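Engineer: Please see the structure below; I have some questions.
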2 protein chains.
Amino acid sequence: MSAPAELAPQTPLALICGGGSLPLAVADSVAAGGRRVLLFPLRGAADPRDYAKRPHHWLYLGQYGKFARIARAAGCRDLVVIGSLVRPSLWQIRPDIHALLALPQVLRAFRGGDDHLLSSIGKLVEQRGFRLHGAHEVAPDILAPTGPLTRAQPAARERIDIVLGFDYLRAAGPFDVGQAVVVSGRHVLAVEAAEGTDQMLARVAELRTNGRLHAPVGSGVLVKAPKPAQDRRFDLPTIGPQTVEGVADAGLAGIAVAASATVIAEPERLVAAADRAGIFVVGVPAPADG
Amino acid sequence: MSAPAELAPQTPLALICGGGSLPLAVADSVAAGGRRVLLFPLRGAADPRDYAKRPHHWLYLGQYGKFARIARAAGCRDLVVIGSLVRPSLWQIRPDIHALLALPQVLRAFRGGDDHLLSSIGKLVEQRGFRLHGAHEVAPDILAPTGPLTRAQPAARERIDIVLGFDYLRAAGPFDVGQAVVVSGRHVLAVEAAEGTDQMLARVAELRTNGRLHAPVGSGVLVKAPKPAQDRRFDLPTIGPQTVEGVADAGLAGIAVAASATVIAEPERLVAAADRAGIFVVGVPAPADG
């Protein structure tokens, strides 16, 4: 991880937008601070309906030249890449001449994990004069605070599951595996890898439906944390209203996330949904390293 | 883990049988060595069709008294508990007076992982005069040897994935999580927890169908190993013909298992299925502890 580059707040911010509502939350947060934002939704990842009412410039992954031309003309120097990026097929990528010059670098990225893909895109734009920032640097209010966000709070047995979950994620982190785990009664029920959090929660719901879980409904915790070696400019664990729905369907008691290192998408809707379902959402400070 | 108790081969062996074909493979292996075997299939776990042609005594989980009476009358002193045990609902358990005396112990077992459930059953019978053994002690020929079992062998890139997979399982082992992982191109695609290996493989197949994996078909490895702290008398990782089918459907190149610590169920059928599909199956010696 490099030290955060200094922001140039007088210039507009270029925001390359993957899927989900998070890019829009970041855009709104930055705009609320008085800074102009240029939106570059990615074809195949961002939903056109989300951008219909906002000025934007569509990009195919690989269209570096188009991006650089528009962003430079608008005076942008700072760039944020945010949102979900289902790994694109090579057919969906339209590398222009600028990206083709970096093709070996881009192809290498496809062989590693998602982190490599994102950080290779990052290096590519940095080498060409932009400064890459994490969404949490330009919009710190999107991060989970410390303590409960909801009326419900973890009971003693959930606090034990939460500690076990964070311990597990720390142990598994060096392997560039997922950022989430479900723990119930000191028992790891599910570990996220390539399938993502929503599908992992659906699996827990299915195990329960099939009678393979005997923990009572309303016990167990979804625990999310960044990987230890994660470059937080590219990828932060994120929860949103959909996560609360998945947790409720899986019969869990709540969600624990790493405070100041997890994005809360649509916090008002998330908290309302959690309070309706009686689910807790809590930000847990990272333990001191050692 | 306690040291293996000395076997009393002159007495018949009592075999408490969970689901799957493994208990029968153990029974056949022991019988082939000239030792009499008493079969105790577990209601709800063992398939009645598998036992129709063999003398047997059905047990509900918790029927310790029935088991002890029959086993003692036959002169048994050695006991093996083997086969899959989908976690039973409390309603399927019929504790008799003997098991009820140990009820707090049994209930505690339900709160921990599967290991706790099995080892609590083990302690219960040991306290009452039986000697519990691992299936691999009475039937060592059921374990994976070192080296390839199949015509296909892992290439260099699969050997890297295999090392990463064993490293991951070692790191995650202390958390009593699953015993298997899928690795492809140095990327952990799936981690097994409560859902079991077959369902984890189905998930990888689904990720591929949905276009979310871009590793070519015929790459990637299923890696299985015992948990570091696992009591091998109760639970060993197992592969069988069904595992080969799941690996083929997931588009992986092969299977790597911990040699001398993984059970190969129905080895002839497994090797034939793997050779037909061009999949490798290899036993990898455990690295020296350190």
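In the structure tokens, each chain is lettered A, B, ... as it comes, each chain's residues begin at 1, and ligands are numbered from 1 in order of appearance.
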Go through segment 120-219 of chain B and collect every residue that DSSP, computed from the backbone, puts in helix (DSSP H, G or I); the answer should be as a ChimeraX atom specification.
Structural biologist: /B:120-127,135-138,140-142,156-175,197-209
Engineer: Using only C-alpha atoms, I'd like every residue of chain B that has an atom within 6 Å of chain A; please write them out as a list in words.
Structural biologist: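 Taken together, these residues fit the definition: Gly113, Val177, His187, Val188, Leu189, Ala190, Val191, Ala193 and Ala194 of chain B.
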Engineer: What is the atom CA of Gly62 of chain B to atom CA of Phe40 of chain B distance in Å?
Structural biologist: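 If I compute the distance from atom CA of Gly62 of chain B to atom CA of Phe40 of chain B, I get 12.6 Å.
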Engineer: I need the residue nearest Pro241 of chain A from this list: A:Leu22, A:Val221, A:Val81, A:Ile162. Use only C-alpha atoms for the distance.
Structural biologist: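 Using only C-alpha atoms, the shortest distance to Pro241 of chain A belongs to A:Leu22.
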Engineer: Enumerate the residues of segment 107-281 of chain A with a DSSP assignment of strand (DSSP E), computed from the backbone, and present them as number ranges by chain.
Structural biologist: A: 131-133, 147-148, 180-184, 187-191, 221-224, 238-239, 254-258, 263-264, 280-281
Engineer: Write out, as a JSON list (two decimals), in the first residue's frame, the residues just selected, with C-alpha atoms.
Structural biologist:
[["chain", "number", "residue", "atom", "x", "y", "z"],
["A", 131, "ARG", "CA", -3.62, 10.19, -8.99],
["A", 132, "LEU", "CA", -5.64, 7.30, -7.72],
["A", 133, "HIS", "CA", -7.52, 7.59, -4.40],
["A", 147, "GLY", "CA", -20.27, 0.74, 17.68],
["A", 148, "PRO", "CA", -23.81, -0.33, 16.88],
["A", 180, "ALA", "CA", -16.52, -12.48, 4.86],
["A", 181, "VAL", "CA", -17.43, -15.43, 7.03],
["A", 182, "VAL", "CA", -20.53, -16.66, 8.87],
["A", 183, "VAL", "CA", -19.98, -17.87, 12.44],
["A", 184, "SER", "CA", -22.61, -19.34, 14.74],
["A", 187, "HIS", "CA", -18.64, -22.75, 14.46],
["A", 188, "VAL", "CA", -17.59, -21.39, 11.05],
["A", 189, "LEU", "CA", -20.61, -22.14, 8.84],
["A", 190, "ALA", "CA", -19.52, -20.53, 5.58],
["A", 191, "VAL", "CA", -16.47, -18.85, 4.09],
["A", 221, "VAL", "CA", -23.12, -13.43, 12.72],
["A", 222, "LEU", "CA", -21.90, -12.29, 9.31],
["A", 223, "VAL", "CA", -18.39, -10.89, 9.83],
["A", 224, "LYS", "CA", -16.70, -8.74, 7.17],
["A", 238, "THR", "CA", -19.17, -3.25, 1.58],
["A", 239, "ILE", "CA", -22.57, -3.93, 3.10],
["A", 254, "GLY", "CA", -26.52, -9.63, 12.92],
["A", 255, "ILE", "CA", -23.57, -8.19, 11.05],
["A", 256, "ALA", "CA", -20.17, -7.14, 12.37],
["A", 257, "VAL", "CA", -17.85, -5.13, 10.15],
["A", 258, "ALA", "CA", -14.40, -3.63, 10.56],
["A", 263, "VAL", "CA", -18.34, 0.83, 3.34],
["A", 264, "ILE", "CA", -21.98, 1.20, 4.36],
["A", 280, "PHE", "CA", -27.80, -5.77, 14.70],
["A", 281, "VAL", "CA", -25.13, -4.03, 12.64]]
Engineer: Quick one: residues within 10 Å of Ala265 of chain B, only C-alpha atoms, excluding same-chain residues fewer than 6 positions away - as a PyMOL selection string?
Structural biologist: chain B and resi 20-26+142-144+238-243
Engineer: Taking C-alpha atoms for each residue, export the selection above as a PDB file, in the first residue's frame.
Structural biologist:
ATOM      1  CA  GLY B  20     -22.127 -43.459   2.366  1.00  0.00           C
ATOM      2  CA  SER B  21     -20.226 -46.446   1.072  1.00  0.00           C
ATOM      3  CA  LEU B  22     -17.207 -46.017   3.295  1.00  0.00           C
ATOM      4  CA  PRO B  23     -18.457 -48.092   6.260  1.00  0.00           C
ATOM      5  CA  LEU B  24     -18.974 -51.047   3.919  1.00  0.00           C
ATOM      6  CA  ALA B  25     -15.489 -50.620   2.443  1.00  0.00           C
ATOM      7  CA  VAL B  26     -14.046 -50.683   5.968  1.00  0.00           C
ATOM      8  CA  ILE B 142      -8.515 -47.422   2.572  1.00  0.00           C
ATOM      9  CA  LEU B 143      -6.041 -44.491   2.757  1.00  0.00           C
ATOM     10  CA  ALA B 144      -4.581 -42.588  -0.196  1.00  0.00           C
ATOM     11  CA  THR B 238     -12.782 -38.725   2.084  1.00  0.00           C
ATOM     12  CA  ILE B 239     -13.049 -38.753  -1.692  1.00  0.00           C
ATOM     13  CA  GLY B 240     -15.024 -41.155  -3.850  1.00  0.00           C
ATOM     14  CA  PRO B 241     -16.385 -41.530  -7.385  1.00  0.00           C
ATOM     15  CA  GLN B 242     -18.919 -38.776  -6.625  1.00  0.00           C
ATOM     16  CA  THR B 243     -16.047 -36.374  -5.864  1.00  0.00           C
TER      17      THR B 243
END
Engineer: Record the distance separating atom CA of Pro237 of chain A and atom CA of Pro228 of chain B, expressed in Å with one decimal.
Structural biologist: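 That distance, rounded to one decimal, is 29.4 Å.
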Engineer: Hey, what's within 12 Å of Arg276 of chain A if we count only C-alpha atoms and toss same-chain stuff fewer than 3 positions away? As a list in words, please?
Structural biologist: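 Listed by chain and then number, they are Thr150, Arg151, Ala152, Pro241, Val244, Glu245, Ala248, Arg269, Leu270, Val271, Ala272, Ala273, Ile279 and Phe280 of chain A.
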Engineer: By how many Å are atom CA of Arg36 of chain A and atom CA of Pro12 of chain A apart?
Structural biologist: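 For atom CA of Arg36 of chain A relative to atom CA of Pro12 of chain A, the distance reads 4.7 Å.
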